[in-house]
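Okay, structure first, notes after.
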Amino acid sequence: MRNVPIRTISPATPDAVVHAVAEAGAKGRHIEVIGGGTKRAIGVLGAADLVVSTAGLNRVIDYAPDELVLTAQPGVRIADLETLVAGCGQMLAFEPPRLTRLLGAQGEPTLGGVLATNLSGPRRVRAGAARDHFLGFEAVSGRGEVFKAGGKVVKNVTGYDLMKLMAGSWGTLAILTEVTIKVLPAPRAETSLLMFGLTDEAACEAMGVAMNGPFDVSGAAHLPAFAAGAAPLKAAMAVTALRLDGFESSVASRIEALVAALKSFGRIERLDAAHSREFWGQIRELDAFVGDPRPLWRLSLPPADGWRGPHQLPGDALYDWAGGQVWLLTDVPAQQVRAVVHSLGGHALCLRGGEAFTGRSGSLGALQARVKAAFDPLGVLNPGRMEAGA
Amino acid sequence: MALHAVSAYRPPMKMPAPDPTLIARKAEIVRALSQIVPGEGVVSEPSDLVPFESDGLSAYRQAPIAVVLPDTTDQVARILAWCQTNGVKVVPRGAGTSLSGGALPLADSVVVGLSKFNRVLEVDYANRCAVVQPGVTNLAITGAVEAKGFYYAPDPSSQIACTIGGNVAENSGGVHCLKYGLTTNNLLGCELVLMSGEIVRLGGKAMDADGYDLLGLVTGSEGLLGIVTEVTVRILPKPATAKAMLLGFHSVEEAGALVGDIIAAGVIPAGLEMMDSPAIRAAEAFVGVGYPVDCAALLIVELDGPEAECDELVDLIRIMAAARGVTFERVSQSEAERQAFWAGRKAAFPAVGRIAPDYFCMDGTIPRGKLPQVLGRISELGTQYGLGVANVFHAGDGNLHPLILYDADIPGDLEKAEAFGADILKLCVAVGGVLTGEHGVGVEKRDLMGEMFDETDLACQQRVKCAFDPGLLLNPGKVFPVLHRCAELGRVHVHRGKLAFPDLPRF
């Protein structure tokens, strides 16, 4: 069970973050790092003496739509950021999921939290993950030092790419105090195609056909009967969906070509832009699984083999990223889930009901531990997170 | 791709002092390596080492103790383990096309060449990826998959020769990376041999991996963290059509403004290149593809996707170009013509090589809006140094390649060119940009790292190095201006109840 830390602070300046970390380090204390705190339920943390929230670091510092870059403090809410960039016809192309309803969390996800967890929405199949849009940062390491990496331009190879390391590090290496991300033009037009009643295997095949042709698919998801039948969709059978977006003429022409390529998979229906947006919002937030008490897993698998995971692990699945990301509700023991996923060349993250992360082992595990120690040798930040095994 | 005449030879810039005792152990080192890689796997005769003395930054040359050419991961692991045990420095090498001196040997080093790792191991169309050995050339990956309508997106200009292993080390870009990303955005996994000889696999065919994203960290680490022995790359279905436009302008400002307009209109072209007048004239004289030699700036805009999309966007851009006073306009009418439009740009470096005995290629990135200011200042600096300069520019992402023209036979000219180049890169940083957009830091920009990063920033990066290679034996003398011992970097100091950063020597 998680410990209840004694105090939460929300530093308003990077200096105040340095102060908190430097003091904790010297006194052998531990800090839990949070943004909006919406993903705290994922994983188990060792005992923390203090919670440092980045919510007080909440300024947008610079937004240059023409340069495709935005610099902000990590505590800026994702929702506010998306509203800001939408005003200039742009988007955060990795389509950050909130998962607040799913995890029953209070609060609002922040930019820093989204980068620290490297969670990405359906558009990841085309536009890449959060890590692919992370251009630069300033942060306070576990040593209590302010350091920076990367830059404020879209193309840069100067020095190590510490952005990749920071993305998905779950606050275990440093506390971000400023980040620069890439923003991209939002599509003008959007349509989705729906197919019905496909088996998981056939759906993965259909999504493969769509991804392997010149159709520029920006979302490919499959909801087996259970997920499709759940609220809010409440469909009578499995639903497989493909999203195409971009300039109007382009979408029209690709839709036509894709429908032709998929004709052997049965009836195809189209969703207009408004319904398509609503549908993909539900996929992004995994609405179909909200309220289900079973342990919840995210399986990262080679997409074409996505269906093989759930077929060895009784439970209910929802496929995103053309099969590459499988959400699974299952009571199968964690060790077995990890073993099956590993045998298929993937890995698993448990969001609820089990140890979140795979334990470190072997040469790679030792290397991961040395990387952690390079930034946080005293283990001040988020103790135990990303280390526990099942 | 020799960028300098051989006459440009001069001793390398300040590299870590060679250890004479290691050089004296040459016979023993060669013997040990020959046991690991029998047959003709070890090159040690001085005359045979000449081709390995330099890379694409050929102003610098240095023969290593020996070159070893393994062909299995196990051999690489044994070589590195032996070198670590014996304190021998290692310089990894792909095709040797680095423009920043990434593969420059040290006098007391062993070069590990990956040229025998030249096989495509697997093409997995269902998962849209290919598993290849690091010595496979960039273009050969596309070659292996194009029959089925796929390609590998990053396309550095040296793609005929450069290897995917080198691309991973340098995080190479190319003219299409505005839309399709750099190497790092197109990788799924790799096998990496650490200096200890341990073999680790990072990533795989799934889109995300477990734990820290070490694949992303290793990509662009310039051969300082390990040797990549296998790479899994993402392959993409080829767009249905591609069209290129040539747009000429009276001024760099007008061309730059159109680039801003295109992006503001929500268009991310597949390629968006700019050349200035000296570059246009040099390219046209070299390839004769009909570039407008009277224009001050030429844009090459490539659009890809369904034909309907290309047509729509060509029309949109023509309207915007007219509003910016375009003076020359052509749209490719065939695939051959599209290729011809690119031929001049892709040959810009050798073309410039014809108008000056030597040139020095820079690689800064700037916020695109600063382009007129930066080009104006580069021109002033050129006058000041008495050296010509031609500019080619990945305009969409602000990556500038000024080509500084000089003559290595004129005493002092190379030093002037280098000082000019350093001034340009400092200017890039001063306007909010960075030292290198795609060529890497290597030896070339190593001593400028302090322009962008303070000593704490560099210490954080070097501690990453220590996590992978605590003996600092892999590719020393590259990227970091000063290599601190890992023990010194790792210390944690407490001062008055707070962590205090240890005093490091000033850079």
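Ordering of the structure tokens sets the chain letters (A, B, ...), residue numbers begin anew at 1 in every chain, and ligands are numbered from 1 in the order given.
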**Study point:** Residue neighbourhood Ala206 in chain B, 8 Å, only C-alpha atoms, exclusion window fewer than 5 positions, as a PyMOL selection string
**Key:** (chain A and resi 300-303+324+345-346) or (chain B and resi 188)
Just C-alpha atoms for this one: save the residues we selected as a PDB file, in the first residue's frame.
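The file below, out.pdb, is the result:
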ATOM      1  CA  SER A 300       3.246  -3.192 -25.801  1.00  0.00           C
ATOM      2  CA  LEU A 301       3.551  -5.758 -28.586  1.00  0.00           C
ATOM      3  CA  PRO A 302       4.684  -6.073 -32.189  1.00  0.00           C
ATOM      4  CA  PRO A 303       1.428  -4.818 -33.795  1.00  0.00           C
ATOM      5  CA  GLY A 324       0.759  -2.459 -30.926  1.00  0.00           C
ATOM      6  CA  GLY A 345       8.684  -9.676 -27.886  1.00  0.00           C
ATOM      7  CA  GLY A 346       6.880  -7.013 -25.898  1.00  0.00           C
TER       8      GLY A 346
ATOM      9  CA  LEU B 188      12.493   0.442 -32.832  1.00  0.00           C
TER      10      LEU B 188
END
Practice item. Just the residues within 6 Å of range 400-409 of chain B, please, counting only C-alpha atoms, with nothing from its chain fewer than 2 positions along; format it as a ChimeraX atom specification. Key: /B:8,356-365,388-393,413-414
Practice item. Please report, as a PyMOL selection string, each residue of range 170-372 of chain B to which DSSP assigns strand (DSSP E) when run on this structure's backbone. Key: chain B and resi 187-193+199-203+227-234+236-237+241-249+271-276+297-305+328-331+358-361+364-365
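Each of B:Gln373, B:Ser44, B:Ala147, B:Ala265 was checked against Ala63 in chain B using only C-alpha atoms; the smallest atom-to-atom distance is that of B:Ser44.
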Revision key, fill the gap. Using only C-alpha atoms, the shortest atom-to-atom distance to chain A among B:Gly271, B:Pro134, B:Gly325, B:Gly432 belongs to B:Gly432
Within 10 Å of Cys350 in chain A, counting only C-alpha atoms, which residues show up once you throw out same-chain ones fewer than 5 positions away? Write them as a CSV table (one decimal) with N, CA and C atoms, in the first residue's frame, please.
chain,number,residue,atom,x,y,z
A,42,ILE,N,-0.6,4.5,-10.3
A,42,ILE,CA,0.2,3.5,-11.1
A,42,ILE,C,1.5,3.2,-10.4
A,43,GLY,N,1.6,2.0,-9.9
A,43,GLY,CA,2.9,1.6,-9.3
A,43,GLY,C,2.9,1.9,-7.8
A,295,PRO,N,-7.9,-6.1,-12.6
A,295,PRO,CA,-6.5,-5.5,-12.9
A,295,PRO,C,-6.4,-5.1,-14.4
A,296,LEU,N,-5.8,-4.0,-14.6
A,296,LEU,CA,-5.7,-3.4,-15.9
A,296,LEU,C,-4.2,-3.3,-16.4
A,297,TRP,N,-4.0,-3.8,-17.6
A,297,TRP,CA,-2.7,-3.9,-18.1
A,297,TRP,C,-2.6,-3.1,-19.5
A,298,ARG,N,-1.4,-2.6,-19.7
A,298,ARG,CA,-1.1,-2.1,-21.1
A,298,ARG,C,0.0,-2.9,-21.6
A,299,LEU,N,-0.3,-3.7,-22.7
A,299,LEU,CA,0.7,-4.5,-23.3
A,299,LEU,C,1.3,-3.8,-24.6
A,327,TRP,N,-4.8,-2.9,-24.4
A,327,TRP,CA,-5.3,-2.7,-23.0
A,327,TRP,C,-6.0,-4.0,-22.6
A,328,LEU,N,-5.7,-4.5,-21.5
A,328,LEU,CA,-6.2,-5.8,-21.1
A,328,LEU,C,-6.7,-5.8,-19.7
A,329,LEU,N,-7.9,-6.2,-19.5
A,329,LEU,CA,-8.5,-6.5,-18.1
A,329,LEU,C,-8.4,-8.0,-17.9
A,334,ALA,N,0.1,-11.6,-12.4
A,334,ALA,CA,1.0,-10.7,-13.1
A,334,ALA,C,2.2,-11.4,-13.8
A,337,VAL,N,1.2,-12.8,-17.0
A,337,VAL,CA,1.0,-11.8,-18.0
A,337,VAL,C,2.4,-11.4,-18.6
A,338,ARG,N,3.3,-11.1,-17.7
A,338,ARG,CA,4.6,-10.6,-18.2
A,338,ARG,C,5.3,-11.7,-19.0
A,355,GLU,N,2.0,-5.1,-9.6
A,355,GLU,CA,3.2,-4.3,-9.7
A,355,GLU,C,3.3,-3.7,-11.1
A,356,ALA,N,3.5,-2.3,-11.2
A,356,ALA,CA,3.3,-1.7,-12.4
A,356,ALA,C,4.5,-2.0,-13.4
A,357,PHE,N,5.7,-2.1,-12.9
A,357,PHE,CA,6.8,-2.2,-13.8
A,357,PHE,C,7.5,-3.5,-13.7
A,358,THR,N,8.1,-3.9,-14.8
A,358,THR,CA,8.9,-5.2,-14.8
A,358,THR,C,10.2,-4.9,-14.0
A,390,ALA,N,7.3,-8.1,-10.6
A,390,ALA,CA,6.0,-8.8,-10.2
A,390,ALA,C,6.4,-10.2,-9.9
**Study point:** Long-range neighbours of Ala66 in chain B as a list in words, 8 Å cut-off, only C-alpha atoms, 5 positions minimum in chain
**Key:** Lys26, Val30, Val42, Val43, Ser44, Leu49, Ser109, Val110 and Val111 of chain B
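Near Leu244 in chain A, within 9 Å and counting only C-alpha atoms, sit Ala189, Glu190, Thr191, Ser192, Leu193, Phe215, Asp216, Val217, Ser218, Gly219, Val251, Arg254 and Ile255 of chain A, not including residues fewer than 3 positions from it in the same chain.
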Residues from last step as file, N, CA and C atoms, as a short mmCIF file (atom, residue, chain, number, x, y, z; two decimals), in the first residue's frame:
data_model
loop_
_atom_site.label_atom_id
_atom_site.label_comp_id
_atom_site.auth_asym_id
_atom_site.auth_seq_id
_atom_site.Cartn_x
_atom_site.Cartn_y
_atom_site.Cartn_z
N ALA A 189 -9.52 18.17 -41.82
CA ALA A 189 -10.68 17.28 -42.03
C ALA A 189 -10.38 15.93 -41.37
N GLU A 190 -11.42 15.24 -40.99
CA GLU A 190 -11.25 13.95 -40.32
C GLU A 190 -12.44 13.06 -40.61
N THR A 191 -12.15 11.80 -40.93
CA THR A 191 -13.21 10.80 -41.11
C THR A 191 -12.69 9.49 -40.54
N SER A 192 -13.60 8.66 -40.05
CA SER A 192 -13.18 7.33 -39.63
C SER A 192 -14.01 6.28 -40.35
N LEU A 193 -13.38 5.14 -40.58
CA LEU A 193 -14.08 3.98 -41.15
C LEU A 193 -14.28 2.97 -40.04
N PHE A 215 -2.08 5.16 -47.04
CA PHE A 215 -3.34 5.76 -46.58
C PHE A 215 -3.14 6.75 -45.44
N ASP A 216 -1.93 6.77 -44.88
CA ASP A 216 -1.62 7.75 -43.84
C ASP A 216 -2.64 7.70 -42.70
N VAL A 217 -2.83 6.51 -42.17
CA VAL A 217 -3.82 6.30 -41.11
C VAL A 217 -3.31 6.94 -39.81
N SER A 218 -4.18 7.67 -39.12
CA SER A 218 -3.74 8.34 -37.88
C SER A 218 -4.39 7.74 -36.64
N GLY A 219 -5.08 6.63 -36.81
CA GLY A 219 -5.64 5.92 -35.67
C GLY A 219 -6.12 4.56 -36.15
N VAL A 251 -8.06 13.47 -47.65
CA VAL A 251 -8.85 12.51 -46.87
C VAL A 251 -9.84 11.80 -47.78
N ARG A 254 -8.02 9.27 -49.94
CA ARG A 254 -7.48 8.12 -49.19
C ARG A 254 -8.61 7.22 -48.69
N ILE A 255 -9.71 7.83 -48.27
CA ILE A 255 -10.84 7.03 -47.81
C ILE A 255 -11.30 6.08 -48.91
#
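Distances from B:Ala417, B:Leu192, B:Leu214, B:Ile160 to chain A were compared using only C-alpha atoms, and the smallest one belongs to B:Leu214.
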Exercise for review: May I have the residues within 8 Å of Gln106 in chain A as a list in words, using only C-alpha atoms and disregarding those fewer than 3 positions away in the same chain?
Suggested key: Gly37, Thr38 and Thr100 of chain A
Exercise for review: Please identify all polymer residues within 7 Å of Arg143 in chain A, counting only C-alpha atoms, omitting same-chain residues fewer than 6 positions from it, and present them as a ChimeraX atom specification.
Suggested key: /A:22,375-376 /B:499
Just the selected residues (C-alpha atoms), exported as a PDB file, in the first residue's frame, please.
ATOM      1  CA  ALA A  22      19.127  19.532  -1.844  1.00  0.00           C
ATOM      2  CA  PHE A 375      21.100  11.491 -11.903  1.00  0.00           C
ATOM      3  CA  ASP A 376      19.934  10.535  -8.433  1.00  0.00           C
TER       4      ASP A 376
ATOM      5  CA  LEU B 499      23.745  18.807  -1.420  1.00  0.00           C
TER       6      LEU B 499
END
Exercise for review: From range 151-198 of chain B, collect each residue whose DSSP state is alpha helix (DSSP H) and return the set as a count of residues only.
Suggested key: 11
Practice item. Rounded to one decimal place, report the CA of Asp469 in chain B-CA of Val434 in chain B distance in Å. Key: 26.4 Å
